[in-house]
$ cat run34.tsv   # TSV, C-alpha atoms
chain	number	residue	atom	x	y	z
O	65	MET	CA	-13.87	-5.99	15.50
O	66	LYS	CA	-10.22	-5.33	16.29
O	67	LEU	CA	-8.02	-8.29	15.48
O	68	PRO	CA	-5.43	-9.38	18.05
O	69	ALA	CA	-1.88	-8.14	17.81
O	70	LEU	CA	0.23	-10.85	16.21
O	71	SER	CA	3.18	-10.27	18.48
O	72	ALA	CA	0.99	-11.26	21.43
O	73	SER	CA	-0.03	-14.60	19.89
O	74	LYS	CA	1.87	-17.77	19.03
O	75	PHE	CA	-0.50	-18.49	16.15
O	76	PRO	CA	-0.45	-17.03	12.63
O	77	LEU	CA	-3.27	-14.97	11.15
O	78	LYS	CA	-5.02	-15.62	7.87
O	79	PHE	CA	-3.86	-13.44	4.99
O	80	ARG	CA	-5.27	-9.94	4.84
O	81	LEU	CA	-3.93	-6.41	4.72
O	82	PRO	CA	-3.28	-4.74	8.09
O	83	THR	CA	-5.93	-2.06	7.54
O	84	SER	CA	-9.52	-1.56	8.65
O	85	ASP	CA	-10.82	-2.32	5.17
O	86	ASN	CA	-9.17	-5.15	3.27
O	87	LEU	CA	-8.93	-3.37	-0.08
O	88	VAL	CA	-6.73	-4.49	-2.97
O	89	PRO	CA	-4.44	-1.85	-4.55
O	90	ILE	CA	-4.76	-2.13	-8.33
O	91	ARG	CA	-2.72	-0.34	-10.98
O	92	LEU	CA	-4.00	0.07	-14.51
O	93	ASP	CA	-1.76	1.03	-17.44
O	94	ILE	CA	-3.29	0.20	-20.79
O	95	GLU	CA	-2.43	1.52	-24.25
O	96	ILE	CA	-4.41	0.77	-27.40
O	97	ASP	CA	-3.76	2.37	-30.79
O	98	GLY	CA	-1.84	5.27	-29.32
O	99	GLN	CA	-4.32	6.02	-26.54
O	100	ARG	CA	-3.24	5.36	-22.98
O	101	TYR	CA	-5.23	4.91	-19.77
O	102	LYS	CA	-3.44	4.96	-16.40
O	103	ASP	CA	-5.06	4.80	-12.99
O	104	ALA	CA	-4.58	3.51	-9.46
O	105	ILE	CA	-7.66	2.22	-7.63
O	106	THR	CA	-8.58	0.09	-4.64
O	107	TRP	CA	-11.04	-2.80	-4.89
O	108	ASN	CA	-13.02	-4.83	-2.38
O	109	PRO	CA	-12.10	-8.49	-3.12
O	110	ASN	CA	-15.53	-9.55	-1.83
O	111	ASP	CA	-17.42	-7.58	-4.47
O	112	PRO	CA	-19.00	-9.70	-7.22
O	113	ASP	CA	-16.93	-10.06	-10.38
O	114	SER	CA	-19.78	-8.52	-12.37
O	115	GLU	CA	-18.83	-5.16	-10.82
O	116	VAL	CA	-15.51	-5.29	-12.68
O	117	VAL	CA	-17.15	-5.13	-16.11
O	118	ILE	CA	-19.55	-2.44	-14.94
O	119	PHE	CA	-16.62	-0.35	-13.75
O	120	ALA	CA	-14.75	-0.89	-17.03
O	121	LYS	CA	-17.75	0.17	-19.11
O	122	ARG	CA	-18.40	3.25	-16.98
O	123	THR	CA	-14.74	4.28	-17.12
O	124	VAL	CA	-14.60	3.95	-20.91
O	125	LYS	CA	-17.80	5.94	-21.27
O	126	ASP	CA	-16.74	8.72	-18.88
O	127	LEU	CA	-13.29	9.11	-20.46
O	128	LYS	CA	-14.57	8.63	-24.02
O	129	LEU	CA	-12.13	5.79	-24.68
O	130	PRO	CA	-12.48	3.28	-27.54
O	131	PRO	CA	-14.68	0.25	-26.67
O	132	ALA	CA	-11.63	-2.03	-26.90
O	133	PHE	CA	-10.51	-0.65	-23.53
O	134	ILE	CA	-13.43	-2.31	-21.75
O	135	THR	CA	-12.03	-5.82	-22.11
O	136	GLN	CA	-8.47	-4.78	-21.29
O	137	ILE	CA	-9.46	-2.85	-18.16
O	138	ALA	CA	-11.67	-5.68	-16.92
O	139	GLN	CA	-9.00	-8.32	-17.55
O	140	SER	CA	-6.32	-6.31	-15.77
O	141	ILE	CA	-8.49	-5.85	-12.68
O	142	GLN	CA	-9.57	-9.49	-12.63
O	143	THR	CA	-5.97	-10.69	-12.96
O	144	GLN	CA	-4.82	-8.58	-10.02
O	145	LEU	CA	-7.82	-9.63	-7.94
O	146	GLY	CA	-7.00	-13.25	-8.76
O	147	ASP	CA	-3.44	-12.74	-7.51
O	148	PHE	CA	-4.74	-11.29	-4.25
O	149	ARG	CA	-7.31	-14.06	-3.76
O	150	SER	CA	-4.64	-16.71	-4.28
O	151	TYR	CA	-3.21	-15.72	-0.89
O	152	GLU	CA	-6.52	-15.79	0.98
O	153	ASN	CA	-6.86	-18.42	3.71
O	154	GLN	CA	-3.09	-18.79	3.86
O	155	ASP	CA	-1.19	-18.21	7.09
O	156	MET	CA	0.88	-15.08	7.58
O	157	TYR	CA	3.18	-13.63	10.24
O	158	THR	CA	3.80	-9.90	10.54
O	159	GLY	CA	6.99	-10.29	12.56
O	160	GLU	CA	8.06	-6.99	14.10
O	161	LYS	CA	5.31	-4.61	15.09
O	162	LEU	CA	6.66	-1.55	13.24
O	163	VAL	CA	7.95	-1.45	9.67
O	164	SER	CA	9.52	1.32	7.64
O	165	MET	CA	7.34	3.00	5.01
O	166	LYS	CA	8.65	5.32	2.31
O	167	LEU	CA	6.94	7.85	0.06
O	168	ASP	CA	8.55	9.19	-3.10
O	169	LEU	CA	5.75	10.49	-5.29
O	170	ARG	CA	5.01	13.05	-7.96
O	171	VAL	CA	1.36	13.95	-8.39
O	172	ASN	CA	0.81	16.57	-11.09
O	173	ASN	CA	3.17	19.37	-9.99
O	174	THR	CA	3.58	18.21	-6.38
O	175	ILE	CA	6.54	16.12	-5.23
O	176	ILE	CA	6.34	14.54	-1.78
O	177	LYS	CA	8.93	12.43	0.02
O	178	ASP	CA	8.68	10.97	3.50
O	179	HIS	CA	9.82	8.10	5.70
O	180	PHE	CA	7.93	6.84	8.75
O	181	LEU	CA	7.04	3.70	10.69
O	182	TRP	CA	3.75	1.79	10.38
O	183	ASP	CA	2.14	-0.49	12.94
O	184	LEU	CA	1.42	-3.81	11.22
O	185	ASN	CA	-0.65	-5.07	14.09
O	186	ASN	CA	-3.21	-2.28	14.03
O	187	PHE	CA	-5.97	-3.75	11.88
O	188	ASN	CA	-8.04	-0.63	12.43
O	189	SER	CA	-5.58	1.59	10.56
O	190	ASP	CA	-6.82	3.81	7.74
O	191	PRO	CA	-4.29	4.90	5.06
O	192	GLU	CA	-6.79	7.38	3.60
O	193	GLU	CA	-7.30	9.11	6.93
O	194	PHE	CA	-3.54	9.24	7.44
O	195	ALA	CA	-3.11	10.76	3.97
O	196	ARG	CA	-5.81	13.38	4.56
O	197	THR	CA	-4.20	14.41	7.85
O	198	MET	CA	-0.79	14.55	6.22
O	199	CYS	CA	-2.04	16.78	3.38
O	200	THR	CA	-3.74	19.08	5.88
O	201	ASP	CA	-0.62	19.36	8.06
O	202	LEU	CA	1.60	20.04	5.04
O	203	LYS	CA	-0.96	22.40	3.46
O	204	ILE	CA	-1.08	20.39	0.24
O	205	GLN	CA	-4.02	21.67	-1.82
O	206	ASP	CA	-4.04	19.28	-4.80
O	207	PRO	CA	-6.92	16.82	-4.08
O	208	GLU	CA	-5.16	14.06	-6.00
O	209	VAL	CA	-2.16	13.90	-3.64
O	210	GLY	CA	-4.03	12.36	-0.70
O	211	PRO	CA	-5.34	9.33	-2.64
O	212	ALA	CA	-1.87	8.81	-4.15
O	213	ILE	CA	-0.28	8.74	-0.68
O	214	ALA	CA	-2.89	6.28	0.61
O	215	PHE	CA	-2.43	4.05	-2.43
O	216	ALA	CA	1.36	4.01	-2.01
O	217	ILE	CA	0.93	2.92	1.61
O	218	ARG	CA	-1.53	0.17	0.64
O	219	GLU	CA	0.85	-1.13	-2.04
O	220	GLN	CA	3.69	-1.43	0.46
O	221	LEU	CA	1.45	-3.12	3.03
O	222	TYR	CA	0.34	-5.58	0.33
O	223	GLU	CA	3.95	-6.48	-0.46
O	224	ILE	CA	4.71	-6.94	3.24
O	225	ALA	CA	1.67	-9.20	3.64
O	226	ILE	CA	2.82	-11.35	0.69
O	227	GLN	CA	6.29	-11.65	2.24
O	228	SER	CA	4.61	-12.67	5.50
O	229	VAL	CA	2.86	-15.54	3.71
O	230	ALA	CA	6.19	-16.69	2.27
O	231	SER	CA	7.73	-16.62	5.75
O	232	ALA	CA	4.87	-18.70	7.13
O	233	ARG	CA	5.37	-21.27	4.36
O	234	GLU	CA	9.06	-21.55	5.17
O	235	ASN	CA	8.27	-22.06	8.84
O	236	LYS	CA	5.99	-24.98	7.97
O	237	LEU	CA	8.82	-26.68	6.12
O	238	THR	CA	11.10	-26.68	9.14
O	239	LYS	CA	11.01	-29.26	11.88
O	240	LYS	CA	8.30	-28.78	14.44
O	241	GLY	CA	10.67	-28.11	17.31
O	242	ARG	CA	12.80	-25.73	15.28
O	243	LYS	CA	9.74	-23.87	14.04
O	244	GLY	CA	8.41	-23.44	17.55
O	245	TYR	CA	11.73	-22.11	18.75
O	246	GLU	CA	12.14	-19.61	15.90
O	247	HIS	CA	8.61	-18.29	16.27
O	248	HIS	CA	9.10	-17.91	20.01
O	249	VAL	CA	12.21	-15.81	19.39
O	250	ILE	CA	10.51	-13.67	16.73
O	251	ALA	CA	7.44	-13.11	18.88
O	252	SER	CA	9.57	-12.26	21.90
O	253	LYS	CA	11.63	-9.74	19.95
O	254	ALA	CA	8.53	-8.18	18.44
O	255	GLY	CA	6.83	-8.02	21.82
O	256	SER	CA	9.84	-6.34	23.39
O	257	PHE	CA	10.08	-3.89	20.50
O	258	ALA	CA	6.38	-3.15	20.80
O	259	LEU	CA	6.77	-2.25	24.48
O	260	ASP	CA	9.62	0.14	23.71
O	261	SER	CA	7.82	1.77	20.80
O	262	ALA	CA	4.42	2.05	22.44
O	263	LYS	CA	5.50	5.35	23.99
O	264	LEU	CA	5.82	6.84	20.50
O	265	PHE	CA	2.07	6.77	19.87
O	266	SER	CA	0.21	9.82	21.14
O	267	TYR	CA	-3.04	9.21	19.23
O	268	LYS	CA	-4.93	6.43	17.52
O	269	SER	CA	-2.86	5.85	14.41
O	270	SER	CA	-0.63	3.31	12.70
O	271	ALA	CA	2.09	5.77	11.67
O	272	VAL	CA	4.82	7.17	13.87
O	273	ARG	CA	8.06	9.08	13.39
O	274	LYS	CA	10.85	8.48	15.88
O	275	ARG	CA	11.90	11.66	17.66
O	276	LYS	CA	15.56	11.13	16.77
O	277	GLU	CA	14.59	10.85	13.08
O	278	TRP	CA	12.52	14.04	12.85
O	279	ASP	CA	15.35	15.99	11.21
O	280	VAL	CA	16.49	13.12	8.99
O	281	TYR	CA	13.07	12.05	7.75
O	282	GLU	CA	11.14	15.28	7.82
O	283	PRO	CA	8.49	15.29	5.05
O	284	ILE	CA	9.65	17.04	1.88
O	285	VAL	CA	7.11	18.79	-0.34
O	286	ASP	CA	8.11	20.58	-3.53
O	287	ILE	CA	5.82	22.38	-5.97
O	288	LEU	CA	7.12	22.31	-9.54
O	289	SER	CA	6.56	24.96	-12.16
O	290	LYS	CA	4.82	24.09	-15.42
O	291	GLU	CA	8.18	24.14	-17.20
O	292	GLU	CA	9.68	21.74	-14.67
O	293	VAL	CA	6.72	19.38	-14.98
O	294	ASP	CA	6.96	19.42	-18.78
O	295	ALA	CA	10.69	18.68	-18.67
O	296	LEU	CA	10.21	15.88	-16.15
O	297	GLU	CA	7.40	14.27	-18.15
O	298	ALA	CA	9.50	14.48	-21.31
O	299	ARG	CA	12.33	12.60	-19.56
O	300	GLU	CA	9.89	10.00	-18.23
O	301	GLU	CA	8.42	9.48	-21.69
O	302	LYS	CA	11.91	9.15	-23.16
O	303	ASN	CA	12.79	6.49	-20.58
O	304	VAL	CA	9.60	4.54	-21.38
O	305	ILE	CA	10.43	4.56	-25.10
O	306	ALA	CA	14.03	3.51	-24.39
O	307	ARG	CA	12.79	0.42	-22.56

$ encode --input "run34.tsv" --output "structure tokens"
Amino acid sequence: MKLPALSASKFPLKFRLPTSDNLVPIRLDIEIDGQRYKDAITWNPNDPDSEVVIFAKRTVKDLKLPPAFITQIAQSIQTQLGDFRSYENQDMYTGEKLVSMKLDLRVNNTIIKDHFLWDLNNFNSDPEEFARTMCTDLKIQDPEVGPAIAFAIREQLYEIAIQSVASARENKLTKKGRKGYEHHVIASKAGSFALDSAKLFSYKSSAVRKRKEWDVYEPIVDILSKEEVDALEAREEKNVIAR
């Protein structure tokens, strides 16, 4: 079921990510006795907590990690799920219909940079589908790039949703008349902006690039050599140690 566009309603929505599937972006970075496990996954917050331990055990077994990683992986996932669930049932406003999204990623030897707009009020959007299309259009062959792009989009949408909750809280603290006036102005501006930007969409999608920004924000893809990757990873490792 497609949720209503927020700009067309005077009422807030309950917290969720503006995507078709309300998945939580989770980062894992765990080091034990010199061994390090890093990953970026998405998780359905409605799945039973027992699945977390099952995932941790399977991951440790598949990657041949020490058993101590099981507890650390499970705790990290549960903590991040707890943070996400703490916002559930809270009001949120998305404000303007379109927001700026940025990509600045290195996946293995592929560097990708991009800047585009995302429709916050399209609750049928699919970051994974967008990423697959992007990789196809840019002829990116590394199968790990697509998931990384989708995850980066989900992380940014998560942060925007959290900020929307904070905005809704602030509105509740204002006087009733003042709150009604401010929301009316915000909704009116967003509605007007939505009408102007609707022409930019030529297919069912949540991402759009303004015509006047095509040259400025054209996607950049760079394939690094093995030597360049090694040098870059050495600098990254040095920076981690310095911290």

$ residues_around --input "run34.tsv" --residues "segment 107-110 of chain O" --least-positions-apart "3" --cutoff "12 Å" --atoms "all atoms listed in the file" --output "list in words"
Arg80, Leu81, Asp85, Asn86, Leu87, Val88, Pro89, Ile90, Arg91, Ala104, Asp113, Ser114, Glu115, Val116, Phe119, Ile141, Gln142, Thr143, Gln144, Leu145, Gly146, Asp147, Phe148, Arg149, Ser150, Tyr151, Glu152, Phe215 and Arg218 of chain O

$ residues_around --input "run34.tsv" --residues "segment 282-289 of chain O" --least-positions-apart "6" --cutoff "8 Å" --atoms "only C-alpha atoms" --output "list in words"
Asn173, Thr174, Ile175, Ile176, Lys177, Asp178, His179 and Leu202 of chain O

$ residues_near_point --input "run34.tsv" --point "(-10.0, -2.5, -26.2)" --cutoff "12 Å" --atoms "all atoms listed in the file" --output "list in words"
Ile94, Glu95, Ile96, Asp97, Gly98, Gln99, Arg100, Tyr101, Ala120, Lys121, Val124, Leu129, Pro130, Pro131, Ala132, Phe133, Ile134, Thr135, Gln136, Ile137, Ala138, Gln139 and Ser140 of chain O

$ atom_distance --input "run34.tsv" --atom1 "atom CA of Glu297 of chain O" --atom2 "atom CA of Thr106 of chain O"
25.3 Å

$ residues_near_point --input "run34.tsv" --point "(4.3, 0.1, 10.5)" --cutoff "6 Å" --atoms "all atoms listed in the file" --output "ChimeraX atom specification"
/O:162-163,181-184

$ atom_distance --input "run34.tsv" --atom1 "atom CA of Phe187 of chain O" --atom2 "atom CA of Asp111 of chain O"
20.3 Å

$ residues_around --input "run34.tsv" --residues "Arg196 of chain O" --least-positions-apart "5" --cutoff "10 Å" --atoms "only C-alpha atoms" --output "list of chain:residue names"
O:Pro191, O:Asp201, O:Leu202, O:Ile204, O:Pro207, O:Val209, O:Gly210, O:Pro211, O:Ile213, O:Ala214

$ atom_distance --input "run34.tsv" --atom1 "atom CA of Leu127 of chain O" --atom2 "atom CA of Asp206 of chain O"
20.8 Å

$ closest_residue --input "run34.tsv" --among "O:Thr158, O:Thr83, O:Thr123, O:Asn188" --to "Ser231 of chain O" --atoms "only C-alpha atoms"
O:Thr158

$ residues_around --input "run34.tsv" --residues "Leu77 of chain O" --least-positions-apart "2" --cutoff "7 Å" --atoms "all atoms listed in the file" --output "list in words"
Phe75, Phe79, Asp155, Met156 and Tyr157 of chain O

$ closest_residue --input "run34.tsv" --among "O:Ser84, O:Asn172, O:Arg122, O:Ala212" --to "Asp294 of chain O" --atoms "all atoms listed in the file"
O:Asn172
